Amino acid sequence: MERSKNLFQRAKELMPGGVNSPVRAFRAVGGTPFFTVRAEGARLFTVDEEALLDYVGTWGPAILGHAHPKVIEAVQAAAAQGTSFGTPCPSEVRMAELVVEAFPSIEKVRMCNSGTEACMSAIRLARGFTGRPKIVKFAGCYHGHADHLLVKAGSGALTFGHPDSAGVPEEFARHTLVLPYNETGPLEEVFAREGEHIAAVILEPVTGNAGVFLPRPGWLQFLREITRRHDALLIFDEVMTGFRLGPAGAQGRFGVTPDLTCLGKIIGGGLPVGAFGGRAEIMDRLAPEGPVYQAGTLSGNPAAMAAGIAEIEELQARNPYAKLEKATERLRTGLEQAARAAGLPARVNACCSMFSLFFTEEEVWNLDDAMRTRRELFPKFFHAMLRRRIYFAPSPFEAGFISLAHTEADIDRTVEAAAEAFKEIAG
Ligand code: KE4
């Protein structure tokens with residue numbers, strides 16, 4: 001780790017915390033982050049010449065495995081034609097076709113450059129379409145770092161939000177209501193109280209940013225019904241779940257149709273891409289067609305489109321979701337059994353190929369449940385696994401991902417290493 005240590009020392013002189021995104025700094029688990037120089041299949045290769053079995057998959061995009069030949073070839077070919085035109089280009093049309101064909105709820109789509117942009121823009125569009133100011137989000141869900149989304153439940157959670165970051169004025173947070181996930185009561189109350197002011201409800205239909213928790217049976221259907229009843233829009237943030245949980249993401253898996261959908265990660269094939277889409281009557285309120293402004297110099301970038309198109313077309317050719325689900329179930333049951341054999345409480349929440357390990361015997365359905373787990377054990381697990389060259393997400397409040405490049409042998413090795421790690425932790 002010598003080279004990573006030296007690089008991190010230099011990085012911290014040049015970049016806040018030595019990173020370009022906070023989670024990479026390992027603050028939740030301690031220690032020095034490794035620096036990656038190459039990625040291929042299910043592995044990262046570090047500057048210290050270590051090969052790590054990777055369960056982060058660059059936070060979701062690497063569902064095919066890293067550096068899939070079809071993605072690399074597509075990007076190389078596109079880049080050779082020029083890396084950006086600033087004009088419409090054919091690959092934007094092809095990407096839009098793939099998204100519209102995959103998501104029946106999406107008649108029109110706008111490309112952008114990150115999940116943050118997608119969610120921020122979808123919310124502005126919802127406010128423009130409804131003429132209403134308020135947004136409902138749920139504790140534990142992350143929709144990027146736009147000011148009005150860095151909000152925690154206010155003391156009067158049913159009245160207004162409070163900033164969850166320095167630099168966000170109270171006024172920017174006031175129109176964001178933060179409620180508990182998977183609980184219908186607070187939502188009924190807030191809609192009864194001020195439904196006519198609520199533009200939209202936004203959520204991760206399967207949460208991946210507080211660890212993984214799934215919608216309780218009926219939760220998504222309830223959200224669809226209550227928003228429709230009050231003429232508010234339902235926004236599914238499928239930046240992580242889009243093309244991850246199935247060919248039509250979570251909305252296809254659970255059979256609930258949102259008004260707007262946010263996408264990212266997989267649709268960029270690892271390059272910077274976000275998107276949001278929905279019914280034409282809503283989307284056509286966007287500039288230049290309508291009065292809601294949204295723009296981006298590199299939106300629809302030809303190299304990024306090429307990467308995303310290659311990744312989506314490969315997924316559609318292979319339809320790998322049953323295989324990914326089977327592999328994830330093998331890991332899930334293996335980890336739970338290994339932890340319990342060592343006398344540790346463990347529950348692995350999983351949905352298709354995203355998962356997270358909680359040290360608890362209780363069920364985890366929302367952020368409060370997750371906060372009650374024995375999360376002090378997680379850093380010990382993380383480093384015990386990293387010593388065995390297996391890289392889990394560096395926080396108990398993140399999701400892990402399995403790719404098509406993970407083999408059964410990889411998963412069995414992971415379970416064996418975890419059995420040793422759990423014994424070490426249990427002491
Ligand atoms: P980006 O702006 O980071 O591309 O996307 C924001 C976002 C929006 N919605 C969901 C459901 C997301 O998961 C994300 C980003 N996810 C995190 C992983 N927990 C990105 C990792 C990071 O922040 O470095």
# chains A, B, ... in the order shown; residues from 1 in each chain; ligands from 1
>>> residues_near_ligand(ligand="ligand 1", cutoff="10 Å", atoms="only C-alpha atoms and all ligand atoms", output="PyMOL selection string")
chain A and resi 19-25+56+58-60+112-120+141-146+203-211+236-242+262-265+268+271-274+393+395+397-400
>>> select_by_dssp(residues="range 101-278 of chain A", states="helix (DSSP H, G or I)", output="PyMOL selection string")
chain A and resi 101-102+115-130+147-149+170-173+184-197+219-229+249-254+265-268
>>> closest_residue(among="A:Ala199, A:Ala419, A:Gln221, A:Glu50", to="Thr130 in chain A", atoms="only C-alpha atoms")
A:Ala199
>>> closest_atom_pairs(of="range 106-173 of chain A", to="range 82-101 of chain A", cutoff="10 Å", atoms="only C-alpha atoms", output="Markdown table")
| residue | atom | partner | partner_atom | distance |
| --- | --- | --- | --- | --- |
| A:Ile106 | CA | A:Val100 | CA | 5.3 |
| A:Glu107 | CA | A:Val100 | CA | 5.8 |
| A:Lys108 | CA | A:Val100 | CA | 6.7 |
| A:Val109 | CA | A:Ala96 | CA | 6.3 |
| A:Arg110 | CA | A:Ala96 | CA | 8.0 |
| A:Met111 | CA | A:Glu92 | CA | 8.1 |
>>> closest_residue(among="A:Asp231, A:Ala166, A:Phe172, A:Gly270", to="Glu311 in chain A", atoms="only C-alpha atoms")
A:Gly270
>>> residues_around(residues="range 350-355 of chain A", least_positions_apart="5", cutoff="7 Å", atoms="only C-alpha atoms", output="PyMOL selection string")
chain A and resi 212+244-245+321+324-325+328+399-402
>>> residues_around(residues="Lys152 in chain A", least_positions_apart="2", cutoff="12 Å", atoms="only C-alpha atoms", output="PyMOL selection string")
chain A and resi 136-142+147-150+154-158+160-165+168+170+173-180+367
>>> atom_distance(atom1="CA of Ala280 in chain A", atom2="CA of Ala295 in chain A")
17.9 Å
>>> residues_around(residues="Arg38 in chain A", least_positions_apart="6", cutoff="10 Å", atoms="only C-alpha atoms", output="ChimeraX atom specification")
/A:44-47,49,51,66-67
>>> select_by_dssp(residues="range 71-301 of chain A", states="strand (DSSP E)", output="count of residues only")
39
>>> closest_residue(among="A:Val71, A:Leu52, A:Ala322, A:Leu234", to="Phe222 in chain A", atoms="only C-alpha atoms")
A:Leu234
